[in-house]
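One file, entry09.pdb, carrying PDB, C-alpha atoms:
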```
ATOM      1  CA  MET A   1      10.215  70.626  70.921
ATOM      2  CA  LYS A   2       9.665  72.918  73.903
ATOM      3  CA  TYR A   3       6.859  70.650  75.143
ATOM      4  CA  LEU A   4       8.939  67.475  75.150
ATOM      5  CA  LEU A   5      10.838  68.295  78.346
ATOM      6  CA  PRO A   6       7.706  68.970  80.457
ATOM      7  CA  LEU A   7       6.012  65.920  78.973
ATOM      8  CA  GLY A   8       9.072  63.801  79.764
ATOM      9  CA  LEU A   9       9.119  65.049  83.362
ATOM     10  CA  VAL A  10       5.418  64.329  83.807
ATOM     11  CA  LEU A  11       5.811  60.840  82.387
ATOM     12  CA  GLY A  12       8.947  60.240  84.462
ATOM     13  CA  PHE A  13       7.240  61.227  87.701
ATOM     14  CA  GLY A  14       4.095  59.350  86.711
ATOM     15  CA  CYS A  15       6.010  56.132  86.119
ATOM     16  CA  ALA A  16       8.035  56.601  89.283
ATOM     17  CA  ASN A  17       4.922  57.338  91.360
ATOM     18  CA  PHE A  18       3.172  54.212  90.088
ATOM     19  CA  ALA A  19       6.082  52.074  91.229
ATOM     20  CA  MET A  20       6.056  53.576  94.718
ATOM     21  CA  ARG A  21       2.659  52.786  96.136
ATOM     22  CA  ALA A  22       2.651  51.271  99.602
ATOM     23  CA  GLU A  23       0.928  48.107  98.388
ATOM     24  CA  HIS A  24       3.804  47.492  95.958
ATOM     25  CA  THR A  25       6.431  47.874  98.661
ATOM     26  CA  ILE A  26       4.464  45.654 101.034
ATOM     27  CA  ALA A  27       4.221  42.957  98.370
ATOM     28  CA  GLU A  28       7.948  43.247  97.646
ATOM     29  CA  LEU A  29       8.866  43.035 101.340
ATOM     30  CA  ASP A  30       6.522  40.073 101.803
ATOM     31  CA  ARG A  31       8.824  38.142  99.478
ATOM     32  CA  LEU A  32      11.616  38.459 102.077
ATOM     33  CA  PRO A  33      12.016  36.378 105.251
ATOM     34  CA  GLY A  34      10.222  38.180 108.060
ATOM     35  CA  ARG A  35       7.719  39.755 105.660
ATOM     36  CA  SER A  36       6.682  43.409 105.715
ATOM     37  CA  ASP A  37       5.294  43.638 109.250
ATOM     38  CA  PRO A  38       8.358  45.141 111.035
ATOM     39  CA  VAL A  39       8.890  47.766 108.341
ATOM     40  CA  ARG A  40       5.178  48.519 108.096
ATOM     41  CA  ALA A  41       4.942  49.053 111.876
ATOM     42  CA  ALA A  42       7.980  51.351 111.887
ATOM     43  CA  CYS A  43       6.590  53.358 108.972
ATOM     44  CA  ARG A  44       3.147  53.632 110.608
ATOM     45  CA  ASP A  45       4.783  55.052 113.739
ATOM     46  CA  GLN A  46       6.889  57.461 111.738
ATOM     47  CA  SER A  47       4.032  58.618 109.496
ATOM     48  CA  GLN A  48       1.935  59.666 112.496
ATOM     49  CA  GLY A  49       4.327  62.602 112.974
ATOM     50  CA  ALA A  50       3.586  64.006 109.512
ATOM     51  CA  VAL A  51       0.508  65.859 110.749
ATOM     52  CA  ALA A  52       2.514  67.630 113.453
ATOM     53  CA  ARG A  53       4.751  69.148 110.770
ATOM     54  CA  LEU A  54       1.769  70.814 109.055
ATOM     55  CA  PRO A  55       0.475  74.285 109.955
ATOM     56  CA  ILE A  56      -2.454  73.974 112.325
ATOM     57  CA  GLN A  57      -4.840  75.542 109.790
ATOM     58  CA  LEU A  58      -4.179  72.706 107.326
ATOM     59  CA  ARG A  59      -4.263  69.760 109.696
ATOM     60  CA  PRO A  60      -7.985  68.961 109.508
ATOM     61  CA  GLU A  61      -8.027  69.069 105.700
ATOM     62  CA  THR A  62      -4.703  67.574 104.713
ATOM     63  CA  GLY A  63      -3.736  65.574 107.796
ATOM     64  CA  PRO A  64      -4.967  62.169 106.575
ATOM     65  CA  ARG A  65      -3.405  62.650 103.127
ATOM     66  CA  ALA A  66      -0.129  63.759 104.703
ATOM     67  CA  THR A  67      -0.084  60.673 106.919
ATOM     68  CA  GLU A  68      -0.719  58.334 103.989
ATOM     69  CA  ALA A  69       1.871  60.098 101.816
ATOM     70  CA  ALA A  70       4.442  59.851 104.618
ATOM     71  CA  PHE A  71       3.635  56.152 105.032
ATOM     72  CA  GLY A  72       4.090  55.511 101.287
ATOM     73  CA  ASP A  73       7.358  57.434 101.239
ATOM     74  CA  CYS A  74       8.645  55.553 104.263
ATOM     75  CA  MET A  75       7.703  52.161 102.848
ATOM     76  CA  ASP A  76       9.384  52.965  99.539
ATOM     77  CA  VAL A  77      12.635  54.178 101.066
ATOM     78  CA  MET A  78      12.834  51.659 103.887
ATOM     79  CA  SER A  79      12.099  48.717 101.591
ATOM     80  CA  VAL A  80      15.215  49.597  99.618
ATOM     81  CA  PHE A  81      17.375  50.173 102.701
ATOM     82  CA  VAL A  82      16.158  47.024 104.477
ATOM     83  CA  SER A  83      16.599  44.878 101.360
ATOM     84  CA  VAL A  84      20.170  46.111 100.928
ATOM     85  CA  ALA A  85      21.008  45.714 104.631
ATOM     86  CA  MET A  86      19.842  42.102 104.867
ATOM     87  CA  ASP A  87      22.318  39.241 104.700
ATOM     88  CA  GLY A  88      21.773  35.526 104.054
ATOM     89  CA  GLY A  89      19.775  34.412 107.097
ATOM     90  CA  ASP A  90      18.378  37.801 108.119
ATOM     91  CA  THR A  91      14.738  38.678 108.452
ATOM     92  CA  THR A  92      13.232  42.061 107.668
ATOM     93  CA  GLY A  93      13.365  42.824 111.402
ATOM     94  CA  ASP A  94      17.131  42.203 111.347
ATOM     95  CA  GLY A  95      17.468  44.380 108.256
ATOM     96  CA  LEU A  96      15.483  47.181 109.903
ATOM     97  CA  GLY A  97      17.738  46.974 112.965
ATOM     98  CA  ALA A  98      20.833  47.134 110.764
ATOM     99  CA  VAL A  99      19.444  50.212 108.992
ATOM    100  CA  ARG A 100      18.721  51.956 112.287
ATOM    101  CA  ASN A 101      22.192  51.128 113.612
ATOM    102  CA  GLY A 102      23.821  52.322 110.396
ATOM    103  CA  LEU A 103      21.955  55.636 110.514
ATOM    104  CA  ALA A 104      22.731  56.413 114.164
ATOM    105  CA  GLY A 105      24.736  59.588 114.493
ATOM    106  CA  LEU A 106      24.825  60.526 110.811
ATOM    107  CA  ASP A 107      25.071  64.216 110.020
ATOM    108  CA  SER A 108      23.240  65.854 107.120
ATOM    109  CA  GLU A 109      26.067  65.349 104.624
ATOM    110  CA  SER A 110      26.477  61.681 105.525
ATOM    111  CA  LEU A 111      22.723  61.199 105.245
ATOM    112  CA  THR A 112      22.807  62.667 101.731
ATOM    113  CA  ASP A 113      25.727  60.389 100.820
ATOM    114  CA  THR A 114      23.791  57.371 102.135
ATOM    115  CA  CYS A 115      20.751  58.277 100.039
ATOM    116  CA  ASP A 116      22.986  58.727  97.001
ATOM    117  CA  GLU A 117      24.595  55.312  97.547
ATOM    118  CA  HIS A 118      21.158  53.638  97.654
ATOM    119  CA  TYR A 119      19.834  55.302  94.499
ATOM    120  CA  PRO A 120      20.999  52.458  92.182
ATOM    121  CA  ALA A 121      19.263  49.923  94.450
ATOM    122  CA  TRP A 122      16.051  51.963  94.277
ATOM    123  CA  GLN A 123      16.324  52.097  90.507
ATOM    124  CA  ALA A 124      16.872  48.357  90.289
ATOM    125  CA  LEU A 125      13.992  47.559  92.637
ATOM    126  CA  TRP A 126      11.365  50.074  91.536
ATOM    127  CA  VAL A 127      12.318  51.824  88.332
ATOM    128  CA  GLN A 128      14.234  48.852  86.944
ATOM    129  CA  GLU A 129      16.238  51.160  84.711
ATOM    130  CA  GLY A 130      19.280  49.002  85.232
ATOM    131  CA  ARG A 131      17.566  45.987  83.682
ATOM    132  CA  LEU A 132      15.566  47.699  80.976
ATOM    133  CA  ARG A 133      18.196  50.113  79.695
ATOM    134  CA  SER A 134      21.448  48.356  80.475
ATOM    135  CA  LEU A 135      23.282  49.771  77.461
ATOM    136  CA  ASP A 136      22.697  53.418  78.310
ATOM    137  CA  VAL A 137      22.553  53.446  82.120
ATOM    138  CA  ASN A 138      25.419  55.932  82.213
ATOM    139  CA  ALA A 139      23.645  58.344  79.870
ATOM    140  CA  ILE A 140      22.262  61.362  81.677
ATOM    141  CA  ASP A 141      18.921  62.666  80.504
ATOM    142  CA  ASP A 142      16.351  64.969  82.027
ATOM    143  CA  GLU A 143      14.106  62.114  83.114
ATOM    144  CA  SER A 144      16.837  60.406  85.134
ATOM    145  CA  ILE A 145      17.861  63.705  86.751
ATOM    146  CA  ALA A 146      14.260  64.363  87.835
ATOM    147  CA  ARG A 147      13.994  60.792  89.117
ATOM    148  CA  TYR A 148      17.246  61.178  91.077
ATOM    149  CA  ASP A 149      16.105  64.451  92.661
ATOM    150  CA  PHE A 150      12.766  62.865  93.551
ATOM    151  CA  TRP A 151      14.512  59.924  95.242
ATOM    152  CA  MET A 152      16.913  62.170  97.135
ATOM    153  CA  GLN A 153      14.131  64.365  98.537
ATOM    154  CA  ARG A 154      12.075  61.383  99.656
ATOM    155  CA  CYS A 155      15.063  59.554 101.082
ATOM    156  CA  ARG A 156      16.246  62.473 103.207
ATOM    157  CA  ARG A 157      12.687  63.228 104.361
ATOM    158  CA  VAL A 158      12.235  59.621 105.546
ATOM    159  CA  LEU A 159      15.679  59.053 107.032
ATOM    160  CA  ARG A 160      15.977  62.269 109.074
ATOM    161  CA  PRO A 161      13.504  61.079 111.766
ATOM    162  CA  VAL A 162      15.059  57.587 111.734
ATOM    163  CA  THR A 163      18.501  59.134 112.252
ATOM    164  CA  ALA A 164      17.249  61.340 115.065
ATOM    165  CA  ALA A 165      15.530  58.422 116.803
ATOM    166  CA  ALA A 166      18.580  56.162 116.436
ATOM    167  CA  SER A 167      20.965  58.711 117.968
TER     168      SER A 167
END
```
Show me, as structure tokens, the structure contained in the file I just sent.
Amino acid sequence: MKYLLPLGLVLGFGCANFAMRAEHTIAELDRLPGRSDPVRAACRDQSQGAVARLPIQLRPETGPRATEAAFGDCMDVMSVFVSVAMDGGDTTGDGLGAVRNGLAGLDSESLTDTCDEHYPAWQALWVQEGRLRSLDVNAIDDESIARYDFWMQRCRRVLRPVTAAAS
């Protein structure tokens, strides 16, 4: 029994990580008008700053991995935000502009609230918990708590630089 919780967390993160690769988000954004190019360019620019946040001793070893991880995180989070922000005739460029405008001037608490509001959209798009487990979506279990915390950390990490640049 004591091994079920760690196993559940490992499986939960494993399933969530599989659904969050950059190639999956690119493919999902390519289904939208305007395709993934605007979001991909914005995430490439943002991910270049990941190396600067590392201690100088670690930059040669972990710099490329940090850049790729930051790019994957950005694509995952921004694909959700852009998809939600788009209206009928919008392109992904319009959605990206709406996200940037909506994030301008947000403080830390408002940024956390924004990430929390987009969690169900992330679940529907990537985890698909809403479709697969529609009868017990309101049930709270350890796996969903770990998934929520994982989303919140990634979301805040990606949106902080966007908020700072938009202000």
Q: Could you state which residues are captured by the PyMOL selection byres ((chain A and resi 121) around 12) in this file, as a PyMOL selection string?
A: chain A and resi 76-85+114-120+122-131+148+151
Q: List the residues sitting within 8 Å of (21.7, 64.5, 111.7) in the file's frame, using only C-alpha atoms, as an MDAnalysis selection string.
A: chainID A and resid 105:108 111 160 163:164
Q. Any idea what's packed within 9 Å of range 43-49 of chain A, counting all atoms listed in the file, ignoring anything in its chain fewer than 3 positions away? Could you give it as a PyMOL selection string?
A. chain A and resi 38-40+52-53+66-75+78+158+161-162
Q. In Å, how far is it from CA of Gly93 in chain A to CA of Arg154 in chain A?
A. 22.0 Å
For range 84-93 of chain A, what centre and edge lengths in Å (one decimal) does the axis-aligned box get once 5 Å is added on each side of all its listed atoms, as AutoDock Vina command-line options?
```
--center_x 17.8 --center_y 40.3 --center_z 106.2 --size_x 19.1 --size_y 21.7 --size_z 20.5
```
Q) CA of Asp37 in chain A and CA of Thr25 in chain A are how many Å apart? A) 11.5 Å
Q. Which of these, A:Leu54, A:Ser144, A:Met86, A:Phe150, has the shortest distance to Ala98 in chain A once you count all atoms listed in the file?
A.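 Of all the options, A:Met86 lies closest to Ala98 in chain A.
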**Q.** Residue neighbourhood Thr92 in chain A, 7 Å, all atoms listed in the file, exclusion window fewer than 5 positions, as a PyMOL selection string
**A.** chain A and resi 32-36+38+82
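Taking only C-alpha atoms into account, Gly97 in chain A lies nearest to A:Ala42 out of the set A:Gln153, A:Gln57, A:Glu23, A:Ala42.
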